[in-house]
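Shown next, in structure tokens, is the structure this report addresses.
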Amino acid sequence: MRPEDFDLISGILKTRSGLILSPEKVYLLESRLTPIARAKGLETLDDLINEIRLHRKEALLSEITEAMTTNESFFFRDNTPFDLFKDKVLPELIKRNAQTKKIKIWCAAASTGQEPYSIAMIVKEMGAKLEGWDIEIFGTDLSNKVLEKAKVGLYSQFEVQRGMPIKYLMKHFAQVGEMWQISEELKGMVKFKPMNLLDNYMGFHNYDVVFCRNVLIYFEPDMKTKVLEKVRKAMKPDGTLFLGAAETVLGITDKFKPVTGSRGMYHTTDVSDALSSSLRTG
């Protein structure tokens with residue numbers, strides 16, 4: 001691929017999704033965009049790039065952005081954030097929100113649904129402790145394609161065996177041929193909507209917990225700052241944020257602070273020291 005072609009595509013990706021693509025990743029462009037060229041009856045990737053350069057059609061730009069966005073996900077990925085949510089955050093929210101009986105959770109990079117459905121399983125396991133509560137679990141992603149899969153809730157054997165405790169598989173899924181269908185009850189607990197984290201967050205407010213994991217690693221520092229500060233505005237003053245294991249707020253924003261001893265977990269900076277201590281020692 002010619003340098004000017006790489007610059008064109010990488011610039012489009014940065015503007016539309018925040019994805020920073022280094023020159024050594026040119027092989028990803030070739031492997032993911034060549035099938036798009038063929039599907040459109042174009043002979044080569046060069047033909048596709050020429051089409052982009054000449055016409056800049058929104059549908060095509062969206063298609064290449066979705067193709068290049070990393071969408072790997074699996075149930076209970078990395079375990080630790082889900083254990084912290086179950087053992088520390090959720091019990092504290094039950095006490096704190098006892099009057100309203102409402103909890104709002106946002107998965108800001110929901111991909112094919114494994115993360116929000118993992119959260120839904122944890123909530124479901126709380127049983128009587130959350131009876132009568134309004135639990136909102138909202139999943140968003142840049143890609144409409146992955147969200148359609150998430151809404152269907154149908155997963156392969158390979159997908160359900162990656163991190164899924166067998167007791168949850170037996171309780172919340174039904175086998176359909178060689179696939180596994182998540183229960184209608186769990187599907188009903190999660191709502192999905194397409195959203196670009198670089199856009200405005202209209203309609204997003206008062207979230208108790210936000211999972212924004214394994215997406216900021218693809219952004220430049222200034223873009224990370226902008227996203228995190230917009231996420232903060234969508235949260236309650238005493239909210240909790242979960243980031244991926246390779247991500248941090250340190251040196252990026254002062255709107256969140258790490259919770260000591262709880263990897264990947266952050267509080268809004270206006271959370272009291274007493275609450276932070278409570279969650280650390282729970």
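Every chain in the structure tokens takes a letter, A first, then B, and so on in the order presented; its residues are numbered from 1, and the ligands are numbered from 1 following the presented order.
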
Between range 164-216 of chain A and range 85-102 of chain A, at 12 Å or less, what are the per-residue closest atom pairs and their distances in Å? Count only C-alpha atoms, order by chain and rising residue number, and return it as a tab-separated table.
```
residue	atom	partner	partner_atom	distance
A:Asn206	CA	A:Lys102	CA	10.7
A:Tyr207	CA	A:Lys102	CA	10.2
A:Asp208	CA	A:Leu93	CA	8.0
A:Val209	CA	A:Val89	CA	8.5
A:Val210	CA	A:Phe85	CA	10.7
A:Phe211	CA	A:Phe85	CA	10.2
```

Output N, CA and C atoms for every residue in that selection, as a PDB file, in the first residue's frame.
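Final file, out_16.pdb:
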```pdb
ATOM      1  N   ASN A 206     -26.478  10.317  34.750  1.00  0.00           N
ATOM      2  CA  ASN A 206     -26.760   9.689  36.042  1.00  0.00           C
ATOM      3  C   ASN A 206     -26.444   8.192  36.097  1.00  0.00           C
ATOM      4  N   TYR A 207     -25.371   7.780  35.429  1.00  0.00           N
ATOM      5  CA  TYR A 207     -24.976   6.376  35.522  1.00  0.00           C
ATOM      6  C   TYR A 207     -24.183   6.137  36.803  1.00  0.00           C
ATOM      7  N   ASP A 208     -24.538   5.062  37.501  1.00  0.00           N
ATOM      8  CA  ASP A 208     -23.812   4.668  38.708  1.00  0.00           C
ATOM      9  C   ASP A 208     -22.479   4.029  38.374  1.00  0.00           C
ATOM     10  N   VAL A 209     -22.479   3.241  37.308  1.00  0.00           N
ATOM     11  CA  VAL A 209     -21.284   2.481  36.919  1.00  0.00           C
ATOM     12  C   VAL A 209     -21.113   2.553  35.408  1.00  0.00           C
ATOM     13  N   VAL A 210     -19.878   2.772  34.982  1.00  0.00           N
ATOM     14  CA  VAL A 210     -19.563   2.732  33.555  1.00  0.00           C
ATOM     15  C   VAL A 210     -18.407   1.764  33.333  1.00  0.00           C
ATOM     16  N   PHE A 211     -18.610   0.831  32.423  1.00  0.00           N
ATOM     17  CA  PHE A 211     -17.541  -0.041  31.938  1.00  0.00           C
ATOM     18  C   PHE A 211     -17.088   0.524  30.586  1.00  0.00           C
TER      19      PHE A 211
END
```

Inset, instruction - Show which residues sit within 9 Å of Leu228 in chain A, as a ChimeraX atom specification. Count only C-alpha atoms, and ignore same-chain residues fewer than 5 positions away. - result: /A:216,223,233,249,252-253,255-256

Inset, instruction - Write out as a PyMOL selection string each polymer residue whose atoms come within 12 Å of range 166-177 of chain A, counting only C-alpha atoms; drop sequence neighbours fewer than 2 positions from it. - result: chain A and resi 75-76+117-122+124-125+153-157+159-164+179-187

Legend entry - Exercise: Phe219 in chain A partners within 8 Å, only C-alpha atoms, chain neighbours under 5 positions left out, as number ranges by chain: A: 18-20, 224

Could you take the residues named above and write them with C-alpha atoms, as a compact mmCIF listing (two decimals), in the first residue's frame?
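Dumped everything to result-v8.txt:
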```
# COMPACT_ATOMS: atom_id res chain seq x y z
CA GLY A 18 -10.40 7.67 17.34
CA LEU A 19 -8.47 4.59 16.21
CA ILE A 20 -4.77 5.30 15.77
CA LYS A 224 -8.56 9.84 25.88
```

Legend entry - Atom-to-atom span, CA of Lys104 in chain A and CA of Pro258 in chain A, Å: 20.8 Å

Inset, instruction - Would you mind listing what lies within 6 Å of range 129-143 of chain A as an MDAnalysis selection string, with only C-alpha atoms counted and same-chain residues fewer than 3 positions away left out? - result: chainID A and resid 66 101:111 126 146 190:196

Print the selection's residues with N, CA and C atoms to a file, as a PDB file, in the first residue's frame.
```
ATOM      1  N   GLU A  66     -16.169   0.235  10.512  1.00  0.00           N
ATOM      2  CA  GLU A  66     -16.602  -0.940  11.261  1.00  0.00           C
ATOM      3  C   GLU A  66     -15.649  -2.110  11.052  1.00  0.00           C
ATOM      4  N   LYS A 101     -34.234   2.613  44.642  1.00  0.00           N
ATOM      5  CA  LYS A 101     -34.238   1.250  44.094  1.00  0.00           C
ATOM      6  C   LYS A 101     -33.963   1.253  42.586  1.00  0.00           C
ATOM      7  N   LYS A 102     -32.969   2.024  42.206  1.00  0.00           N
ATOM      8  CA  LYS A 102     -32.606   2.131  40.793  1.00  0.00           C
ATOM      9  C   LYS A 102     -31.086   2.152  40.655  1.00  0.00           C
ATOM     10  N   ILE A 103     -30.582   1.381  39.698  1.00  0.00           N
ATOM     11  CA  ILE A 103     -29.154   1.346  39.389  1.00  0.00           C
ATOM     12  C   ILE A 103     -28.993   1.435  37.873  1.00  0.00           C
ATOM     13  N   LYS A 104     -28.117   2.329  37.434  1.00  0.00           N
ATOM     14  CA  LYS A 104     -27.871   2.500  36.001  1.00  0.00           C
ATOM     15  C   LYS A 104     -26.433   2.122  35.679  1.00  0.00           C
ATOM     16  N   ILE A 105     -26.277   1.225  34.705  1.00  0.00           N
ATOM     17  CA  ILE A 105     -24.963   0.722  34.308  1.00  0.00           C
ATOM     18  C   ILE A 105     -24.816   0.895  32.805  1.00  0.00           C
ATOM     19  N   TRP A 106     -23.659   1.388  32.400  1.00  0.00           N
ATOM     20  CA  TRP A 106     -23.403   1.618  30.971  1.00  0.00           C
ATOM     21  C   TRP A 106     -22.136   0.888  30.554  1.00  0.00           C
ATOM     22  N   CYS A 107     -22.258   0.045  29.542  1.00  0.00           N
ATOM     23  CA  CYS A 107     -21.104  -0.589  28.900  1.00  0.00           C
ATOM     24  C   CYS A 107     -20.823   0.198  27.625  1.00  0.00           C
ATOM     25  N   ALA A 108     -19.751   0.980  27.643  1.00  0.00           N
ATOM     26  CA  ALA A 108     -19.513   1.951  26.579  1.00  0.00           C
ATOM     27  C   ALA A 108     -18.810   1.368  25.359  1.00  0.00           C
ATOM     28  N   ALA A 109     -18.423   0.115  25.411  1.00  0.00           N
ATOM     29  CA  ALA A 109     -17.860  -0.563  24.238  1.00  0.00           C
ATOM     30  C   ALA A 109     -18.349  -2.010  24.286  1.00  0.00           C
ATOM     31  N   ALA A 110     -19.649  -2.171  24.041  1.00  0.00           N
ATOM     32  CA  ALA A 110     -20.331  -3.432  24.316  1.00  0.00           C
ATOM     33  C   ALA A 110     -20.011  -4.534  23.322  1.00  0.00           C
ATOM     34  N   SER A 111     -19.534  -4.181  22.151  1.00  0.00           N
ATOM     35  CA  SER A 111     -19.198  -5.154  21.119  1.00  0.00           C
ATOM     36  C   SER A 111     -20.371  -6.118  20.903  1.00  0.00           C
ATOM     37  N   MET A 126     -28.048 -11.972  42.219  1.00  0.00           N
ATOM     38  CA  MET A 126     -28.311 -11.312  43.499  1.00  0.00           C
ATOM     39  C   MET A 126     -29.689 -11.672  44.051  1.00  0.00           C
ATOM     40  N   VAL A 146     -21.998  -5.468  15.118  1.00  0.00           N
ATOM     41  CA  VAL A 146     -21.795  -6.242  16.344  1.00  0.00           C
ATOM     42  C   VAL A 146     -22.983  -6.090  17.283  1.00  0.00           C
ATOM     43  N   VAL A 190     -31.002  -5.999  29.067  1.00  0.00           N
ATOM     44  CA  VAL A 190     -29.975  -5.171  28.434  1.00  0.00           C
ATOM     45  C   VAL A 190     -30.559  -4.473  27.199  1.00  0.00           C
ATOM     46  N   LYS A 191     -30.286  -3.193  27.079  1.00  0.00           N
ATOM     47  CA  LYS A 191     -30.661  -2.434  25.889  1.00  0.00           C
ATOM     48  C   LYS A 191     -29.391  -2.031  25.142  1.00  0.00           C
ATOM     49  N   PHE A 192     -29.457  -2.070  23.818  1.00  0.00           N
ATOM     50  CA  PHE A 192     -28.300  -1.743  22.990  1.00  0.00           C
ATOM     51  C   PHE A 192     -28.611  -0.576  22.061  1.00  0.00           C
ATOM     52  N   LYS A 193     -27.580   0.224  21.819  1.00  0.00           N
ATOM     53  CA  LYS A 193     -27.748   1.378  20.946  1.00  0.00           C
ATOM     54  C   LYS A 193     -26.405   1.731  20.309  1.00  0.00           C
ATOM     55  N   PRO A 194     -26.371   2.031  19.005  1.00  0.00           N
ATOM     56  CA  PRO A 194     -25.108   2.461  18.384  1.00  0.00           C
ATOM     57  C   PRO A 194     -24.689   3.829  18.894  1.00  0.00           C
ATOM     58  N   MET A 195     -23.392   3.976  19.158  1.00  0.00           N
ATOM     59  CA  MET A 195     -22.889   5.253  19.652  1.00  0.00           C
ATOM     60  C   MET A 195     -21.393   5.344  19.398  1.00  0.00           C
ATOM     61  N   ASN A 196     -20.961   6.511  18.967  1.00  0.00           N
ATOM     62  CA  ASN A 196     -19.542   6.804  18.779  1.00  0.00           C
ATOM     63  C   ASN A 196     -19.071   7.599  19.991  1.00  0.00           C
TER      64      ASN A 196
END
```

Legend entry - Which of A:Glu72, A:Asn79, A:Thr15, A:Leu241 sits closest to Asp199 in chain A [using only C-alpha atoms]: A:Thr15
